[in-house]
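Text of the file query_0.cif, holding mmCIF, C-alpha atoms (C1' of nucleotides):
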data_data
#
loop_
_atom_site.label_atom_id
_atom_site.label_comp_id
_atom_site.auth_asym_id
_atom_site.auth_seq_id
_atom_site.Cartn_x
_atom_site.Cartn_y
_atom_site.Cartn_z
CA MET A 1 5.83 -29.42 17.95
CA MET A 2 8.43 -27.25 16.42
CA ILE A 3 7.01 -24.55 14.28
CA THR A 4 8.53 -24.72 10.85
CA THR A 5 8.26 -22.21 8.02
CA GLN A 6 4.51 -21.89 7.99
CA SER A 7 4.45 -18.23 8.92
CA PRO A 8 5.43 -16.01 6.05
CA GLU A 9 6.79 -13.14 8.06
CA MET A 10 10.29 -14.51 8.11
CA ALA A 11 11.78 -15.89 4.97
CA ASP A 12 14.50 -13.51 4.01
CA ALA A 13 14.72 -11.46 7.18
CA GLU A 14 15.24 -8.50 4.92
CA THR A 15 12.25 -8.08 2.69
CA CYS A 16 8.61 -8.68 3.44
CA VAL A 17 8.04 -11.66 1.18
CA LEU A 18 5.13 -12.22 -1.19
CA ALA A 19 5.29 -12.52 -4.94
CA PRO A 20 6.93 -9.81 -7.05
CA SER A 21 3.45 -9.44 -8.46
CA THR A 22 3.70 -6.91 -11.25
CA ALA A 23 0.11 -7.95 -11.79
CA ALA A 24 -1.19 -4.41 -11.68
CA LEU A 25 -3.54 -3.13 -14.33
CA ASP A 26 -1.45 -1.24 -16.80
CA LEU A 27 -1.52 2.47 -16.16
CA GLU A 28 -3.35 3.30 -19.36
CA TYR A 29 -6.26 0.97 -18.70
CA ALA A 30 -6.47 1.99 -15.05
CA THR A 31 -6.59 5.64 -16.07
CA LYS A 32 -9.28 5.02 -18.63
CA LEU A 33 -11.39 3.00 -16.23
CA SER A 34 -10.98 5.60 -13.50
CA ARG A 35 -12.21 8.31 -15.86
CA THR A 36 -15.38 6.34 -16.52
CA LEU A 37 -15.88 5.76 -12.81
CA LYS A 38 -15.34 9.42 -12.06
CA ALA A 39 -18.20 10.23 -14.38
CA LEU A 40 -20.40 8.06 -12.21
CA ALA A 41 -19.05 9.21 -8.88
CA ASP A 42 -21.27 12.19 -8.26
CA PRO A 43 -24.63 12.33 -6.50
CA ALA A 44 -26.22 14.57 -9.11
CA ARG A 45 -25.14 12.35 -11.97
CA LEU A 46 -26.31 9.18 -10.26
CA ARG A 47 -29.69 10.77 -9.73
CA LEU A 48 -29.82 11.88 -13.35
CA LEU A 49 -29.20 8.33 -14.52
CA SER A 50 -31.81 7.07 -12.11
CA ILE A 51 -34.45 9.49 -13.31
CA ILE A 52 -33.75 8.86 -16.95
CA SER A 53 -33.63 5.09 -16.61
CA SER A 54 -36.91 4.96 -14.72
CA SER A 55 -38.76 7.13 -17.17
CA PRO A 56 -41.68 5.29 -18.78
CA THR A 57 -40.59 6.35 -22.25
CA GLY A 58 -36.96 5.50 -21.59
CA GLU A 59 -35.94 9.06 -22.18
CA SER A 60 -36.10 12.40 -20.42
CA CYS A 61 -36.06 15.98 -21.58
CA ALA A 62 -33.34 18.11 -20.06
CA CYS A 63 -35.94 20.59 -18.89
CA ASP A 64 -37.51 17.94 -16.67
CA LEU A 65 -34.25 17.24 -14.89
CA MET A 66 -33.51 20.59 -13.32
CA GLU A 67 -36.44 20.65 -10.96
CA PRO A 68 -36.11 17.27 -9.21
CA LEU A 69 -32.43 17.85 -8.56
CA GLY A 70 -32.65 21.42 -7.41
CA LEU A 71 -29.69 22.50 -9.49
CA GLY A 72 -29.27 25.28 -12.01
CA GLN A 73 -29.66 24.75 -15.73
CA PRO A 74 -25.96 25.12 -16.62
CA THR A 75 -25.08 22.63 -13.93
CA ILE A 76 -27.51 20.04 -15.24
CA SER A 77 -26.22 20.59 -18.76
CA HIS A 78 -22.68 20.13 -17.49
CA HIS A 79 -23.48 16.83 -15.78
CA LEU A 80 -25.35 15.52 -18.79
CA LYS A 81 -22.40 16.30 -21.00
CA ILE A 82 -20.08 14.37 -18.72
CA LEU A 83 -22.43 11.38 -18.76
CA VAL A 84 -22.68 11.48 -22.54
CA GLU A 85 -18.93 11.74 -22.99
CA ALA A 86 -18.43 8.82 -20.64
CA GLY A 87 -20.82 6.77 -22.75
CA PHE A 88 -23.61 6.40 -20.22
CA LEU A 89 -26.15 8.55 -22.03
CA GLN A 90 -27.20 9.23 -25.59
CA ARG A 91 -28.36 12.67 -26.56
CA GLU A 92 -30.96 13.44 -29.19
CA LYS A 93 -32.11 16.92 -30.02
CA ARG A 94 -35.70 17.30 -31.17
CA GLY A 95 -36.90 20.78 -31.84
CA SER A 96 -35.40 22.99 -29.23
CA TRP A 97 -35.41 20.28 -26.62
CA ALA A 98 -32.71 17.76 -25.82
CA TYR A 99 -33.70 14.24 -24.89
CA TYR A 100 -31.45 11.85 -23.09
CA ARG A 101 -31.65 8.08 -22.84
CA LEU A 102 -29.47 5.38 -21.36
CA ASN A 103 -26.83 3.91 -23.59
CA PRO A 104 -27.76 0.25 -23.36
CA GLY A 105 -24.97 -1.87 -21.96
CA ALA A 106 -22.89 0.96 -20.60
CA LEU A 107 -23.81 0.28 -17.00
CA ALA A 108 -23.35 -3.44 -17.52
CA ASP A 109 -19.92 -2.81 -19.00
CA ILE A 110 -18.60 -0.77 -16.12
CA SER A 111 -20.20 -3.18 -13.70
CA GLY A 112 -18.36 -6.04 -15.33
CA SER A 113 -15.07 -4.15 -15.31
CA ILE A 114 -15.38 -3.69 -11.58
CA LEU A 115 -16.20 -7.32 -10.98
CA SER A 116 -13.16 -8.47 -12.88
CA LEU A 117 -10.72 -6.43 -10.88
CA MET B 1 -54.41 7.50 -41.52
CA MET B 2 -54.57 10.69 -39.62
CA ILE B 3 -51.78 11.03 -37.14
CA THR B 4 -53.20 11.43 -33.71
CA THR B 5 -51.34 12.17 -30.51
CA GLN B 6 -48.51 9.73 -31.02
CA SER B 7 -45.76 12.32 -30.99
CA PRO B 8 -45.05 13.59 -27.51
CA GLU B 9 -43.57 16.93 -28.45
CA MET B 10 -46.87 18.73 -28.39
CA ALA B 11 -49.30 18.10 -25.59
CA ASP B 12 -49.46 21.26 -23.57
CA ALA B 13 -47.66 23.63 -25.91
CA GLU B 14 -46.10 25.13 -22.83
CA THR B 15 -44.09 22.48 -21.05
CA CYS B 16 -42.00 19.72 -22.54
CA VAL B 17 -44.13 16.78 -21.44
CA LEU B 18 -42.93 13.55 -19.86
CA ALA B 19 -43.81 12.27 -16.45
CA PRO B 20 -43.21 14.39 -13.35
CA SER B 21 -40.88 11.55 -12.46
CA THR B 22 -39.59 12.30 -8.99
CA ALA B 23 -38.04 8.88 -9.39
CA ALA B 24 -34.57 10.09 -8.53
CA LEU B 25 -32.48 8.25 -6.02
CA ASP B 26 -32.89 10.06 -2.76
CA LEU B 27 -30.05 12.45 -2.13
CA GLU B 28 -28.71 10.54 0.85
CA TYR B 29 -28.36 7.25 -1.00
CA ALA B 30 -26.91 8.94 -4.06
CA THR B 31 -24.33 10.70 -1.91
CA LYS B 32 -23.36 7.52 -0.16
CA LEU B 33 -23.05 5.58 -3.40
CA SER B 34 -21.03 8.35 -5.00
CA ARG B 35 -18.61 8.30 -2.09
CA THR B 36 -18.00 4.61 -2.62
CA LEU B 37 -17.52 5.13 -6.34
CA LYS B 38 -15.12 7.99 -5.74
CA ALA B 39 -12.95 5.63 -3.72
CA LEU B 40 -12.72 3.45 -6.80
CA ALA B 41 -12.30 6.25 -9.31
CA ASP B 42 -8.54 6.63 -9.20
CA PRO B 43 -5.92 4.86 -11.31
CA ALA B 44 -3.63 4.17 -8.37
CA ARG B 45 -6.41 2.66 -6.30
CA LEU B 46 -7.67 0.50 -9.14
CA ARG B 47 -4.16 -0.82 -9.59
CA LEU B 48 -3.83 -1.48 -5.88
CA LEU B 49 -7.00 -3.54 -5.90
CA SER B 50 -5.81 -5.38 -8.97
CA ILE B 51 -2.47 -6.28 -7.43
CA ILE B 52 -3.95 -7.36 -4.15
CA SER B 53 -6.73 -9.41 -5.73
CA SER B 54 -4.35 -11.24 -8.01
CA SER B 55 -1.90 -12.09 -5.29
CA PRO B 56 -1.54 -15.86 -4.87
CA THR B 57 -2.03 -15.60 -1.12
CA GLY B 58 -4.95 -13.25 -1.46
CA GLU B 59 -3.16 -10.57 0.43
CA SER B 60 -0.34 -8.09 -0.09
CA CYS B 61 2.05 -6.32 2.21
CA ALA B 62 2.02 -2.54 1.91
CA CYS B 63 5.74 -2.59 1.29
CA ASP B 64 5.18 -4.56 -1.93
CA LEU B 65 2.78 -2.00 -3.32
CA MET B 66 4.98 1.06 -3.54
CA GLU B 67 7.34 -0.23 -6.15
CA PRO B 68 4.93 -1.44 -8.86
CA LEU B 69 2.99 1.81 -8.71
CA GLY B 70 5.93 4.17 -8.60
CA LEU B 71 4.39 6.28 -5.86
CA GLY B 72 5.75 7.38 -2.52
CA GLN B 73 5.03 5.53 0.71
CA PRO B 74 2.73 8.18 2.20
CA THR B 75 0.74 8.23 -1.00
CA ILE B 76 0.25 4.46 -1.02
CA SER B 77 -0.74 4.56 2.62
CA HIS B 78 -3.24 7.28 1.82
CA HIS B 79 -4.84 5.29 -0.99
CA LEU B 80 -5.00 2.13 1.09
CA LYS B 81 -6.74 4.00 3.85
CA ILE B 82 -9.35 5.28 1.44
CA LEU B 83 -9.96 1.78 0.10
CA VAL B 84 -10.30 0.39 3.62
CA GLU B 85 -12.70 3.12 4.68
CA ALA B 86 -14.79 2.52 1.58
CA GLY B 87 -15.01 -1.14 2.49
CA PHE B 88 -13.02 -2.56 -0.40
CA LEU B 89 -10.03 -3.72 1.63
CA GLN B 90 -9.39 -5.25 5.00
CA ARG B 91 -6.27 -4.38 6.87
CA GLU B 92 -4.38 -6.69 9.20
CA LYS B 93 -1.21 -5.73 10.98
CA ARG B 94 1.25 -8.52 11.62
CA GLY B 95 4.48 -7.57 13.26
CA SER B 96 5.52 -4.29 11.82
CA TRP B 97 3.95 -5.03 8.46
CA ALA B 98 0.46 -4.26 7.27
CA TYR B 99 -1.30 -6.77 5.05
CA TYR B 100 -4.26 -5.94 2.90
CA ARG B 101 -6.82 -8.26 1.38
CA LEU B 102 -10.03 -7.81 -0.58
CA ASN B 103 -13.20 -7.51 1.42
CA PRO B 104 -15.21 -10.32 -0.17
CA GLY B 105 -18.39 -9.09 -1.76
CA ALA B 106 -17.50 -5.43 -1.76
CA LEU B 107 -16.83 -5.31 -5.48
CA ALA B 108 -19.92 -7.38 -6.17
CA ASP B 109 -21.99 -5.00 -4.07
CA ILE B 110 -20.95 -1.86 -5.87
CA SER B 111 -21.25 -3.66 -9.16
CA GLY B 112 -24.83 -4.58 -8.32
CA SER B 113 -25.65 -1.06 -7.20
CA ILE B 114 -24.54 0.25 -10.57
CA LEU B 115 -26.53 -2.33 -12.47
CA SER B 116 -29.71 -1.45 -10.62
CA LEU B 117 -29.56 2.23 -11.43
"C1'" DC C 1 17.34 0.88 26.55
"C1'" DG C 2 18.46 2.49 21.81
"C1'" DA C 3 18.70 2.14 16.71
"C1'" DG C 4 16.31 1.10 12.64
"C1'" DG C 5 12.46 -0.25 9.79
"C1'" DA C 6 7.43 -0.15 8.42
"C1'" DC C 7 3.66 2.35 8.37
"C1'" DA C 8 0.53 6.35 9.50
"C1'" DT C 9 -0.32 11.21 9.98
"C1'" DC C 10 0.45 16.15 9.12
"C1'" DG C 11 1.11 20.32 6.32
"C1'" DA C 12 1.65 22.25 2.00
"C1'" DT C 13 0.86 22.63 -2.91
"C1'" DG C 14 -0.77 22.25 -7.58
"C1'" DA C 15 -4.58 20.18 -10.12
"C1'" DT C 16 -9.28 18.91 -10.67
"C1'" DT C 17 -14.10 19.62 -9.81
"C1'" DG C 18 -19.07 21.19 -8.77
"C1'" DT C 19 -21.62 25.14 -8.91
"C1'" DC C 20 -23.43 29.47 -10.42
"C1'" DA C 21 -24.13 33.95 -13.12
"C1'" DA C 22 -23.53 35.72 -17.52
"C1'" DT C 23 -23.46 35.02 -22.22
"C1'" DA C 24 -23.78 32.60 -26.63
"C1'" DT C 25 -26.29 29.48 -29.90
"C1'" DG C 26 -30.05 27.71 -32.29
"C1'" DG C 27 -34.89 26.73 -33.05
"C1'" DC C 28 -39.67 28.35 -33.23
"C1'" DA C 29 -43.68 31.66 -33.29
"C1'" DG C 30 -45.40 35.88 -34.61
"C1'" DC D 1 -36.71 39.75 -39.19
"C1'" DT D 2 -37.56 39.99 -34.05
"C1'" DG D 3 -38.16 38.17 -29.82
"C1'" DC D 4 -38.53 34.18 -26.89
"C1'" DC D 5 -37.43 29.76 -25.13
"C1'" DA D 6 -34.36 25.63 -24.32
"C1'" DT D 7 -29.88 24.41 -24.14
"C1'" DA D 8 -24.83 24.89 -24.33
"C1'" DT D 9 -20.62 27.33 -23.31
"C1'" DT D 10 -17.63 30.46 -20.73
"C1'" DG D 11 -15.45 32.44 -16.66
"C1'" DA D 12 -14.98 32.59 -11.89
"C1'" DC D 13 -14.70 30.66 -7.31
"C1'" DA D 14 -14.69 27.64 -3.42
"C1'" DA D 15 -14.02 22.94 -2.26
"C1'" DT D 16 -11.93 18.58 -2.81
"C1'" DC D 17 -8.06 15.76 -4.03
"C1'" DA D 18 -3.50 13.42 -5.31
"C1'" DT D 19 1.00 13.85 -4.22
"C1'" DC D 20 5.15 14.74 -1.63
"C1'" DG D 21 8.45 15.79 2.28
"C1'" DA D 22 8.75 15.82 7.13
"C1'" DT D 23 7.49 13.91 11.26
"C1'" DG D 24 5.25 10.73 14.50
"C1'" DT D 25 4.15 5.95 16.19
"C1'" DC D 26 4.89 1.32 16.91
"C1'" DC D 27 7.32 -2.86 16.44
"C1'" DT D 28 11.58 -5.64 16.38
"C1'" DC D 29 16.17 -6.74 17.03
"C1'" DG D 30 20.58 -6.17 19.23
#
Will you turn the file into structure tokens for me?
Amino acid sequence: MMITTQSPEMADAETCVLAPSTAALDLEYATKLSRTLKALADPARLRLLSIISSSPTGESCACDLMEPLGLGQPTISHHLKILVEAGFLQREKRGSWAYYRLNPGALADISGSILSL
Amino acid sequence: MMITTQSPEMADAETCVLAPSTAALDLEYATKLSRTLKALADPARLRLLSIISSSPTGESCACDLMEPLGLGQPTISHHLKILVEAGFLQREKRGSWAYYRLNPGALADISGSILSL
DNA sequence: CGAGGACATCGATGATTGTCAATATGGCAG
DNA sequence: CTGCCATATTGACAATCATCGATGTCCTCG
């Protein structure tokens, strides 16, 4: 009959219970992970990765990326740089063209980091 | 012996080859996915998810989240709202407290979306 | 009812970001 | 060497964002 102390909302009548829980990611790791996620969190960059990853040769020339996205050349170059710096793409220059390919494992890595939050 | 047309860098002498490849994510999906990723791409929000997910009860009171992150109450509330709207957290108000818990599957979903880029 | 606490919302502000036009760099053809 | 093409970098600008202080809302307790 009598309700005992099952409900957690009154235990100290002062604080709102629950573990002290300093179980947060440390700031440094959280910042690093957020930087990697930020690199992914843009429609243009997601589409770039998609195009490159679905290319039959596994790579795409920068010149082929401007048209399907409808963005200017400096903008594409900017996005590609961000993706390379974040480790998602590898860049190889052949002649006067720049070819980009997926960095194998990079997507799996970030995917795993999210899952283990 | 003679090298034939193995190397792709000369085929039309005008364009830089490779498939037309309109294989980009459609803009709508890319925008939607990028919005979800943006919700994750912040150190404070990653730490919030980490704290909440590692709580023994599976949930955390908002009042317990300010202190470990060293941020003001409006800021925490702001981040929690973003995480709820992105589908990562569920909010339940009990008494005058607000409790947050992980939305099961949300992290797995975004993780899968990344893997299938 | 009235005071106080927990949380949300608002308004402002400094920082970051996506985009473009203009310019620089570097390779290739004549 | 000269000019052209592909790409990268720079500078500027509007938009978005993280944060805070102030205020509003709602609940609880006396």
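In this structure, the chain D residues at most 10 Å away from chain B are DA6, DA18, DT19, DC20, DG21, DC26, DC27 and DT28 of chain D, with all atoms listed in the file considered.
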Next on the checklist: Contacts from chain C to chain A, 9 Å maximum, only C-alpha atoms (C1' of nucleotides): show me the residue list as an MDAnalysis selection string.
Outcome noted: chainID C and resid 18:20 26:28
Checklist entry - Quick one: residues within 10 Å of A:Leu65, only C-alpha atoms (C1' of nucleotides) counted, chain neighbours fewer than 2 positions away excluded, as JSON, numbers by chain? => result {"A": [47, 48, 51, 52, 60, 61, 62, 63, 67, 68, 69, 70, 71, 72, 73, 76, 77, 80], "B": [20, 21, 22, 24]}
List every residue of stretch 3-26 of chain D that has an atom at most 8 Å from any atom of stretch 7-17 of chain C, giving for each one its closest atom pair and the distance in Å to one decimal, counting only C-alpha atoms (C1' of nucleotides), sorted by chain and then by ascending residue number, as CSV.
residue,atom,partner,partner_atom,distance
D:DT16,C1',C:DT17,C1',7.4
D:DC17,C1',C:DT16,C1',7.4
D:DT23,C1',C:DC10,C1',7.7
D:DG24,C1',C:DT9,C1',7.2
D:DT25,C1',C:DA8,C1',7.6
Checklist entry - Using only C-alpha atoms, which chain B residues lie at most 6 Å away from chain A, written as a list in words? => result Ala23, Ala24, Leu25, Ala30, Thr31, Ser34, Leu37, Lys38, Ala41, Asp42, Pro43, Arg47, Ser50, Ile51, Leu107, Ser111, Leu115 and Leu117 of chain B
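Across the model, the gap from atom CA of A:Ala98 to atom CA of A:Met66 is 12.8 Å.
For the pair atom CA of B:Pro104 and atom CA of A:Leu83, the separation is 29.5 Å.
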Item to check | Explicit residue set for the PyMOL selection byres ((chain D and resi 1) around 12), as an MDAnalysis selection string | outcome: (chainID C and resid 30) or (chainID D and resid 2:3)
Next on the checklist: Show me, as a PyMOL selection string, the residues that have an atom within 10 Å of D:DT10 when counting all atoms listed in the file, minus same-chain residues fewer than 2 positions from it.
Outcome noted: (chain C and resi 22-24) or (chain D and resi 8+12)
Just want the 6 Å neighbourhood of stretch 89-91 of chain A, counted on only C-alpha atoms (C1' of nucleotides), with same-chain residues fewer than 4 positions away dropped. Output as a PDB file with C-alpha atoms, in the coordinates of the input.
ATOM      1  CA  LEU A  83     -22.430  11.380 -18.760  1.00  0.00           C
ATOM      2  CA  VAL A  84     -22.680  11.480 -22.540  1.00  0.00           C
ATOM      3  CA  TYR A  99     -33.700  14.240 -24.890  1.00  0.00           C
ATOM      4  CA  TYR A 100     -31.450  11.850 -23.090  1.00  0.00           C
ATOM      5  CA  ARG A 101     -31.650   8.080 -22.840  1.00  0.00           C
ATOM      6  CA  LEU A 102     -29.470   5.380 -21.360  1.00  0.00           C
ATOM      7  CA  ASN A 103     -26.830   3.910 -23.590  1.00  0.00           C
TER       8      ASN A 103
END
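The interatomic distance for the pair atom CA of A:Glu85 and atom CA of B:Glu85 works out to 29.6 Å.
Picked by the PyMOL selection byres ((chain C and resi 4) around 12) from the coordinates shown: DG2, DA3, DG5 and DA6 of chain C; DC27, DT28, DC29 and DG30 of chain D.
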Selected residues, C-alpha atoms (C1' of nucleotides), written as a short mmCIF file (atom, residue, chain, number, x, y, z; two decimals), keeping the file's coordinate frame, please.
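part02.cif written:
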data_model
loop_
_atom_site.label_atom_id
_atom_site.label_comp_id
_atom_site.auth_asym_id
_atom_site.auth_seq_id
_atom_site.Cartn_x
_atom_site.Cartn_y
_atom_site.Cartn_z
"C1'" DG C 2 18.46 2.49 21.81
"C1'" DA C 3 18.70 2.14 16.71
"C1'" DG C 5 12.46 -0.25 9.79
"C1'" DA C 6 7.43 -0.15 8.42
"C1'" DC D 27 7.32 -2.86 16.44
"C1'" DT D 28 11.58 -5.64 16.38
"C1'" DC D 29 16.17 -6.74 17.03
"C1'" DG D 30 20.58 -6.17 19.23
#
Enclose the full set of atoms of stretch 39-52 of chain B listed in the file within a box whose edges lie along x, y and z, apply 3 Å of padding to each of the six sides, and report centre and edge lengths in Å to one decimal as JSON.
{"center_x": -7.7, "center_y": -0.4, "center_z": -7.5, "size_x": 16.5, "size_y": 20.0, "size_z": 13.6}
